[in-house]
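Student: Sharing entry_29.pdb below, PDB, C-alpha atoms:
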```pdb
ATOM      1  CA  MET A   1      18.624  16.267   3.022
ATOM      2  CA  GLY A   2      15.683  18.459   3.947
ATOM      3  CA  THR A   3      17.754  21.557   3.161
ATOM      4  CA  ILE A   4      17.590  20.919  -0.601
ATOM      5  CA  PRO A   5      15.439  23.698  -2.103
ATOM      6  CA  VAL A   6      12.236  22.721  -3.872
ATOM      7  CA  GLU A   7      13.355  24.345  -7.120
ATOM      8  CA  LYS A   8      16.605  22.363  -7.051
ATOM      9  CA  CYS A   9      14.611  19.131  -6.788
ATOM     10  CA  ILE A  10      12.557  20.080  -9.849
ATOM     11  CA  VAL A  11      15.524  21.167 -11.956
ATOM     12  CA  GLY A  12      17.512  18.166 -10.750
ATOM     13  CA  ALA A  13      14.767  15.794 -11.891
ATOM     14  CA  TRP A  14      14.745  17.391 -15.361
ATOM     15  CA  ARG A  15      18.520  17.268 -15.596
ATOM     16  CA  ASP A  16      18.746  13.662 -14.420
ATOM     17  CA  THR A  17      16.068  12.609 -16.916
ATOM     18  CA  VAL A  18      18.433  13.603 -19.714
ATOM     19  CA  ARG A  19      21.458  12.190 -17.895
ATOM     20  CA  VAL A  20      20.063   8.691 -17.311
ATOM     21  CA  ILE A  21      19.124   8.365 -20.978
ATOM     22  CA  ASP A  22      22.704   9.212 -21.905
ATOM     23  CA  GLN A  23      24.137   6.807 -19.319
ATOM     24  CA  MET A  24      21.813   3.831 -19.975
ATOM     25  CA  PRO A  25      20.946   3.890 -23.712
ATOM     26  CA  ILE A  26      20.477   0.114 -24.071
ATOM     27  CA  LEU A  27      17.958   0.022 -21.224
ATOM     28  CA  PHE A  28      15.979   2.850 -22.810
ATOM     29  CA  LEU A  29      16.061   1.201 -26.221
ATOM     30  CA  ILE A  30      14.602  -1.957 -24.700
ATOM     31  CA  MET A  31      11.988  -0.014 -22.742
ATOM     32  CA  PHE A  32      11.036   1.939 -25.850
ATOM     33  CA  GLY A  33      10.215  -1.388 -27.481
ATOM     34  CA  VAL A  34       8.111  -2.293 -24.432
ATOM     35  CA  SER A  35       6.320   1.056 -24.580
ATOM     36  CA  LEU A  36       5.751   0.633 -28.314
ATOM     37  CA  GLY A  37       4.213  -2.801 -27.776
ATOM     38  CA  ILE A  38       1.961  -1.554 -24.972
ATOM     39  CA  VAL A  39       0.664   1.364 -27.047
ATOM     40  CA  ARG A  40       0.025  -0.924 -30.019
ATOM     41  CA  ILE A  41      -1.944  -3.422 -27.916
ATOM     42  CA  GLU A  42      -3.987  -0.587 -26.394
ATOM     43  CA  LYS A  43      -4.890   0.794 -29.808
ATOM     44  CA  VAL A  44      -5.944  -2.606 -31.163
ATOM     45  CA  ILE A  45      -8.154  -3.363 -28.148
ATOM     46  CA  HIS A  46      -9.767   0.078 -28.156
ATOM     47  CA  LEU A  47     -10.356  -0.117 -31.921
ATOM     48  CA  TYR A  48     -12.111  -3.473 -31.628
ATOM     49  CA  ALA A  49     -14.182  -2.174 -28.714
ATOM     50  CA  ALA A  50     -15.268   0.852 -30.764
ATOM     51  CA  LEU A  51     -16.165  -1.335 -33.749
ATOM     52  CA  ARG A  52     -18.258  -3.601 -31.555
ATOM     53  CA  ALA A  53     -20.036  -0.593 -30.021
ATOM     54  CA  MET A  54     -20.986   0.514 -33.545
ATOM     55  CA  GLY A  55     -22.260  -2.970 -34.417
ATOM     56  CA  ARG A  56     -19.537  -3.565 -36.971
ATOM     57  CA  LEU A  57     -17.933  -6.467 -35.138
ATOM     58  CA  PRO A  58     -19.380  -9.802 -34.011
ATOM     59  CA  HIS A  59     -20.204  -9.985 -30.321
ATOM     60  CA  SER A  60     -17.717 -12.813 -29.926
ATOM     61  CA  GLY A  61     -14.758 -10.722 -31.097
ATOM     62  CA  PHE A  62     -11.930 -11.613 -28.717
ATOM     63  CA  TYR A  63     -10.206  -8.220 -28.724
ATOM     64  CA  ALA A  64     -13.514  -6.451 -28.056
ATOM     65  CA  LEU A  65     -14.259  -8.273 -24.809
ATOM     66  CA  PRO A  66     -14.945  -5.679 -22.051
ATOM     67  CA  TYR A  67     -12.474  -7.105 -19.546
ATOM     68  CA  LEU A  68      -9.669  -6.858 -22.104
ATOM     69  CA  ARG A  69     -10.337  -3.137 -22.439
ATOM     70  CA  VAL A  70     -10.237  -2.735 -18.659
ATOM     71  CA  LEU A  71      -7.012  -4.743 -18.559
ATOM     72  CA  ALA A  72      -5.472  -2.547 -21.258
ATOM     73  CA  ASN A  73      -6.351   0.607 -19.331
ATOM     74  CA  HIS A  74      -4.853  -0.618 -16.054
ATOM     75  CA  ALA A  75      -1.894  -2.578 -17.419
ATOM     76  CA  SER A  76      -0.761   0.174 -19.783
ATOM     77  CA  ASN A  77       1.811   1.467 -17.287
ATOM     78  CA  ILE A  78       3.347  -1.898 -16.452
ATOM     79  CA  GLY A  79       6.587  -0.670 -17.995
ATOM     80  CA  GLU A  80       6.862   2.210 -15.528
ATOM     81  CA  PRO A  81       7.991   0.174 -12.473
ATOM     82  CA  ILE A  82      10.411  -1.802 -14.657
ATOM     83  CA  LEU A  83      12.131   1.414 -15.716
ATOM     84  CA  ALA A  84      11.687   3.319 -12.448
ATOM     85  CA  ILE A  85      13.945   1.175 -10.258
ATOM     86  CA  PRO A  86      17.194   1.581 -12.273
ATOM     87  CA  ILE A  87      16.488   5.303 -12.736
ATOM     88  CA  ILE A  88      15.872   5.877  -9.021
ATOM     89  CA  ARG A  89      18.998   3.936  -8.102
ATOM     90  CA  TYR A  90      21.065   5.990 -10.509
ATOM     91  CA  VAL A  91      19.724   9.341  -9.250
ATOM     92  CA  ILE A  92      20.095   8.453  -5.563
ATOM     93  CA  ASP A  93      23.220   6.288  -5.495
ATOM     94  CA  GLY A  94      24.797   6.808  -8.920
ATOM     95  CA  GLU A  95      24.338   3.090  -9.677
ATOM     96  CA  ARG A  96      24.262   2.207 -13.366
ATOM     97  CA  PHE A  97      21.910  -0.498 -14.546
ATOM     98  CA  LYS A  98      23.302  -4.030 -14.808
ATOM     99  CA  LEU A  99      21.430  -7.285 -15.250
ATOM    100  CA  SER A 100      23.300  -8.677 -12.255
ATOM    101  CA  SER A 101      21.958  -5.838 -10.072
ATOM    102  CA  ILE A 102      18.302  -6.686 -10.657
ATOM    103  CA  SER A 103      16.550  -7.358  -7.342
ATOM    104  CA  LEU A 104      13.365  -9.397  -7.559
ATOM    105  CA  HIS A 105      12.489  -8.319  -4.010
ATOM    106  CA  ALA A 106      12.722  -4.639  -4.996
ATOM    107  CA  TYR A 107      10.580  -5.165  -8.092
ATOM    108  CA  GLY A 108       8.066  -7.216  -6.122
ATOM    109  CA  ARG A 109       7.686  -4.544  -3.441
ATOM    110  CA  TYR A 110       7.484  -1.773  -6.038
ATOM    111  CA  PHE A 111       4.719  -3.589  -7.904
ATOM    112  CA  VAL A 112       2.839  -4.234  -4.650
ATOM    113  CA  ILE A 113       2.888  -0.542  -3.742
ATOM    114  CA  SER A 114       1.821   0.400  -7.275
ATOM    115  CA  ILE A 115      -1.094  -2.040  -7.110
ATOM    116  CA  ILE A 116      -2.154  -0.707  -3.695
ATOM    117  CA  PHE A 117      -2.332   2.883  -4.908
ATOM    118  CA  ALA A 118      -3.994   1.900  -8.188
ATOM    119  CA  THR A 119      -6.614   0.108  -6.099
ATOM    120  CA  VAL A 120      -7.118   3.213  -3.931
ATOM    121  CA  PHE A 121      -7.764   5.417  -6.962
ATOM    122  CA  THR A 122     -10.015   2.774  -8.539
ATOM    123  CA  LEU A 123     -12.065   2.605  -5.335
ATOM    124  CA  ALA A 124     -12.329   6.397  -5.309
ATOM    125  CA  ILE A 125     -13.748   6.341  -8.840
ATOM    126  CA  ALA A 126     -16.096   3.493  -7.900
ATOM    127  CA  ILE A 127     -17.398   5.466  -4.911
ATOM    128  CA  VAL A 128     -18.270   8.378  -7.204
ATOM    129  CA  GLN A 129     -20.071   6.107  -9.666
ATOM    130  CA  ILE A 130     -21.983   4.293  -6.924
ATOM    131  CA  SER A 131     -22.999   7.612  -5.344
ATOM    132  CA  GLN A 132     -24.243   8.884  -8.686
ATOM    133  CA  ALA A 133     -26.264   5.707  -9.262
ATOM    134  CA  ALA A 134     -27.709   5.911  -5.730
ATOM    135  CA  LEU A 135     -28.813   9.519  -6.264
ATOM    136  CA  GLN A 136     -30.466   8.588  -9.542
ATOM    137  CA  ALA A 137     -32.243   5.692  -7.834
ATOM    138  CA  THR A 138     -33.704   8.067  -5.241
ATOM    139  CA  GLY A 139     -35.188  10.216  -8.003
ATOM    140  CA  VAL A 140     -32.762  13.129  -7.917
ATOM    141  CA  GLN A 141     -32.696  14.958 -11.245
ATOM    142  CA  SER A 142     -29.575  14.695 -13.388
ATOM    143  CA  ALA A 143     -29.012  18.450 -13.255
ATOM    144  CA  ASN A 144     -28.691  18.243  -9.471
ATOM    145  CA  ILE A 145     -26.504  15.131  -9.519
ATOM    146  CA  THR A 146     -23.658  16.722 -11.496
ATOM    147  CA  PRO A 147     -22.570  19.369  -8.926
ATOM    148  CA  GLU A 148     -22.744  16.843  -6.109
ATOM    149  CA  THR A 149     -20.695  14.210  -7.910
ATOM    150  CA  GLN A 150     -18.175  16.831  -9.020
ATOM    151  CA  THR A 151     -17.712  17.969  -5.427
ATOM    152  CA  LEU A 152     -17.334  14.372  -4.257
ATOM    153  CA  THR A 153     -14.834  13.670  -7.038
ATOM    154  CA  ILE A 154     -12.708  16.690  -6.095
ATOM    155  CA  LEU A 155     -12.724  15.742  -2.405
ATOM    156  CA  LEU A 156     -11.748  12.149  -3.166
ATOM    157  CA  LEU A 157      -8.973  13.254  -5.521
ATOM    158  CA  ILE A 158      -7.604  15.626  -2.879
ATOM    159  CA  GLY A 159      -7.727  12.857  -0.287
ATOM    160  CA  ALA A 160      -6.052  10.331  -2.567
ATOM    161  CA  GLY A 161      -3.432  12.887  -3.576
ATOM    162  CA  TYR A 162      -2.700  13.628   0.081
ATOM    163  CA  VAL A 163      -2.213   9.943   0.894
ATOM    164  CA  LEU A 164       0.010   9.516  -2.164
ATOM    165  CA  ALA A 165       2.133  12.530  -1.217
ATOM    166  CA  ARG A 166       2.561  11.281   2.359
ATOM    167  CA  SER A 167       3.586   7.850   1.050
ATOM    168  CA  ALA A 168       5.692   8.986  -1.919
ATOM    169  CA  LEU A 169       8.957   8.034  -0.206
ATOM    170  CA  LEU A 170       7.998   4.368  -0.314
ATOM    171  CA  PHE A 171       8.537   4.083  -4.065
ATOM    172  CA  PRO A 172      12.182   5.219  -4.141
ATOM    173  CA  HIS A 173      12.862   3.509  -0.807
ATOM    174  CA  VAL A 174      11.930   0.036  -2.049
ATOM    175  CA  ALA A 175      13.662   0.791  -5.359
ATOM    176  CA  VAL A 176      17.011   1.121  -3.563
ATOM    177  CA  GLY A 177      16.401  -2.128  -1.693
ATOM    178  CA  GLY A 178      14.516  -1.027   1.419
ATOM    179  CA  ARG A 179      11.398  -2.539   2.933
ATOM    180  CA  MET A 180       7.945  -0.955   2.957
ATOM    181  CA  GLN A 181       8.408   1.358   5.963
ATOM    182  CA  TRP A 182       4.962   2.994   5.908
ATOM    183  CA  ARG A 183       5.199   4.653   9.338
ATOM    184  CA  ALA A 184       8.647   6.113   8.648
ATOM    185  CA  ALA A 185       7.521   7.470   5.262
ATOM    186  CA  TRP A 186       4.477   9.045   6.924
ATOM    187  CA  THR A 187       6.687  10.614   9.619
ATOM    188  CA  ASP A 188       9.181  12.098   7.148
ATOM    189  CA  THR A 189       6.441  13.805   5.137
ATOM    190  CA  ARG A 190       4.509  15.191   8.126
ATOM    191  CA  GLY A 191       3.614  18.774   7.226
ATOM    192  CA  GLN A 192       5.358  18.377   3.849
ATOM    193  CA  ALA A 193       2.532  17.008   1.699
ATOM    194  CA  LEU A 194       2.104  20.282  -0.192
ATOM    195  CA  LYS A 195       5.823  20.492  -0.971
ATOM    196  CA  VAL A 196       5.878  16.892  -2.150
ATOM    197  CA  ALA A 197       2.855  17.570  -4.354
ATOM    198  CA  CYS A 198       4.453  20.718  -5.789
ATOM    199  CA  ILE A 199       7.718  18.961  -6.605
ATOM    200  CA  TYR A 200       5.991  16.047  -8.298
ATOM    201  CA  GLY A 201       3.324  18.206  -9.929
ATOM    202  CA  ILE A 202       5.702  20.787 -11.429
ATOM    203  CA  GLY A 203       8.581  18.380 -11.961
ATOM    204  CA  SER A 204       6.706  15.503 -13.577
ATOM    205  CA  ALA A 205       2.910  15.673 -13.846
ATOM    206  CA  LEU A 206       2.669  19.134 -15.430
ATOM    207  CA  PRO A 207       5.325  18.625 -18.171
ATOM    208  CA  SER A 208       3.866  15.197 -18.998
ATOM    209  CA  TYR A 209       0.355  16.662 -19.212
ATOM    210  CA  LEU A 210       1.424  19.574 -21.416
ATOM    211  CA  VAL A 211       3.275  17.297 -23.818
ATOM    212  CA  ALA A 212       0.339  14.857 -24.012
ATOM    213  CA  ARG A 213      -2.199  17.694 -24.306
ATOM    214  CA  PHE A 214      -0.456  19.878 -26.893
ATOM    215  CA  VAL A 215       2.612  18.238 -28.457
ATOM    216  CA  LEU A 216       1.029  14.860 -29.190
ATOM    217  CA  PRO A 217      -2.077  16.302 -30.956
ATOM    218  CA  PHE A 218       0.206  18.630 -32.932
ATOM    219  CA  LEU A 219       2.235  15.657 -34.181
ATOM    220  CA  HIS A 220      -0.959  13.782 -35.059
ATOM    221  CA  GLN A 221      -2.250  16.680 -37.137
ATOM    222  CA  SER A 222       1.087  17.531 -38.762
ATOM    223  CA  PHE A 223       2.030  14.068 -39.998
ATOM    224  CA  ASN A 224      -1.323  12.252 -40.169
ATOM    225  CA  SER A 225       0.470   8.927 -40.068
ATOM    226  CA  ALA A 226      -0.404   5.906 -37.935
ATOM    227  CA  GLY A 227       3.275   4.998 -37.688
ATOM    228  CA  VAL A 228       4.274   8.452 -36.462
ATOM    229  CA  ASP A 229       1.363   8.453 -34.007
ATOM    230  CA  LEU A 230       2.449   5.121 -32.569
ATOM    231  CA  PHE A 231       6.122   6.106 -32.386
ATOM    232  CA  SER A 232       5.504   9.526 -30.811
ATOM    233  CA  GLU A 233       2.986   8.233 -28.256
ATOM    234  CA  ALA A 234       5.359   5.441 -27.166
ATOM    235  CA  LEU A 235       8.264   7.899 -26.892
ATOM    236  CA  ILE A 236       6.271  10.433 -24.890
ATOM    237  CA  ARG A 237       5.049   7.718 -22.538
ATOM    238  CA  LEU A 238       8.627   6.526 -22.031
ATOM    239  CA  MET A 239       9.752  10.077 -21.225
ATOM    240  CA  ALA A 240       6.874  10.459 -18.729
ATOM    241  CA  TRP A 241       7.953   7.267 -16.954
ATOM    242  CA  THR A 242      11.535   8.497 -16.792
ATOM    243  CA  LEU A 243      10.642  11.954 -15.538
ATOM    244  CA  GLY A 244       8.288  10.566 -12.899
ATOM    245  CA  ALA A 245      10.946   8.202 -11.531
ATOM    246  CA  ALA A 246      13.626  10.918 -11.444
ATOM    247  CA  THR A 247      11.246  13.259  -9.610
ATOM    248  CA  LEU A 248      10.442  10.609  -6.986
ATOM    249  CA  ALA A 249      14.181  10.092  -6.466
ATOM    250  CA  TRP A 250      14.687  13.792  -5.774
ATOM    251  CA  ILE A 251      11.730  13.822  -3.376
ATOM    252  CA  TYR A 252      13.463  10.998  -1.527
ATOM    253  CA  ARG A 253      16.762  12.885  -1.450
ATOM    254  CA  LYS A 254      15.028  15.896   0.080
ATOM    255  CA  PHE A 255      12.703  14.331   2.651
ATOM    256  CA  ALA A 256      13.994  10.848   3.553
ATOM    257  CA  ARG A 257      15.345  10.797   7.117
ATOM    258  CA  ASP A 258      13.535   8.396   9.460
ATOM    259  CA  ILE A 259      12.851   5.976   6.625
ATOM    260  CA  ARG A 260      16.583   5.707   5.902
ATOM    261  CA  LEU A 261      17.304   5.316   9.608
ATOM    262  CA  ALA A 262      14.707   2.547   9.853
ATOM    263  CA  ALA A 263      16.306   0.780   6.902
ATOM    264  CA  SER A 264      19.772   1.067   8.467
ATOM    265  CA  THR A 265      18.500  -0.278  11.785
ATOM    266  CA  THR A 266      16.836  -3.240  10.089
ATOM    267  CA  HIS A 267      20.019  -3.960   8.134
ATOM    268  CA  ASP A 268      22.173  -3.847  11.291
ATOM    269  CA  GLN A 269      19.766  -6.177  13.101
ATOM    270  CA  MET A 270      19.918  -8.670  10.240
ATOM    271  CA  LEU A 271      23.751  -8.615  10.312
ATOM    272  CA  ALA A 272      23.738  -9.099  14.076
TER     273      ALA A 272
END
```
Mind converting the file's structure to structure tokens?
Tutor:
Amino acid sequence: MGTIPVEKCIVGAWRDTVRVIDQMPILFLIMFGVSLGIVRIEKVIHLYAALRAMGRLPHSGFYALPYLRVLANHASNIGEPILAIPIIRYVIDGERFKLSSISLHAYGRYFVISIIFATVFTLAIAIVQISQAALQATGVQSANITPETQTLTILLLIGAGYVLARSALLFPHVAVGGRMQWRAAWTDTRGQALKVACIYGIGSALPSYLVARFVLPFLHQSFNSAGVDLFSEALIRLMAWTLGAATLAWIYRKFARDIRLAASTTHDQMLA
């Protein structure tokens, strides 16, 4: 599996993104509705928050409550794990989505891992904010705080990205029914973090960023329609979820060795 070239993983993820949509149209229609609902809720909450900030909304406005805005920001990708598991299973094992094949254990483990990494990144951001506040409290001028916080932010992002790359095999592994084999995932990606980052960065993160950065604003300006904005943003988000899941599946196909062996050993022990 490690002999698969990096470029084949990237191209394979792009190809399989198109293929899974063709093979599972009903699933994608349902998930588009989920994405549409999530985007709509986000826009309503952010609009009410902006109106309250400008003093044009009563303080008691339910949709403007601060914790709802935080919840909208963090819960906006709840549809991603729901869609990721059938996509990963199709790319790795050729399994088409069926309601009878839904595994609550797989979804539970996938959500747990997602929450763990979301917490890691949230803590990294909190560390930067606390450091900035501490420097201001000691009397450091704002002009001197910016370079220091920027350096700290970059270092934390690199560290978090490294941990995510070393643990990337966990997502597809639990999606296909495995347990959270952290040590095996860490072993398989030893010395491969840069390759994992390149595959995911070029295969998924970069295309998603370019579309969100250039295509989405172009559509907003060209049509100037709230309906088109909502539709296009939901569609682009759905495509980003799909591409990310397909890329993780190809990373698993390339690097997973010990983690598959650990899963096989556990399965044999359970049968015995």
Student: Determine, counting all atoms listed in the file, which protein, DNA and RNA residues have an atom within 12 Å of an atom of Leu210 in chain A; residues of the same chain fewer than 6 positions away are not included. Present the result as a ChimeraX atom specification.
Tutor: /A:201-204,216-218,236,240
Student: For this structure, which residues satisfy the selection - the PyMOL selection byres ((chain A and resi 207) around 12) - when it is evaluated on the file as given? I want them as a PyMOL selection string.
Tutor: chain A and resi 10+13-14+199-206+208-215+236-237+239-244+247
Student: What's the separation between CA of Glu95 in chain A and CA of Gln181 in chain A, in Å to one decimal place?
Tutor: 22.4 Å
Student: Skip Leu248 in chain A itself and residues of its chain fewer than 4 positions away, then list as a VMD selection string all residues within 8 Å of it, counting only C-alpha atoms.
Tutor: chain A and resid 88 168 to 169 171 to 172 200 244 252
Student: Check the smallest atom-to-atom distance from each of A:Leu238, A:Ala160, A:Ala184, A:Ala124 to Glu80 in chain A using only C-alpha atoms, then report the winner.
Tutor: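 Residue with the minimum atom-to-atom distance to Glu80 in chain A: A:Leu238.
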Student: What does the structure give for the distance between CA of Ala249 in chain A and CA of Val196 in chain A, in Å to one decimal?
Tutor: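 These two atoms are separated by 11.6 Å.
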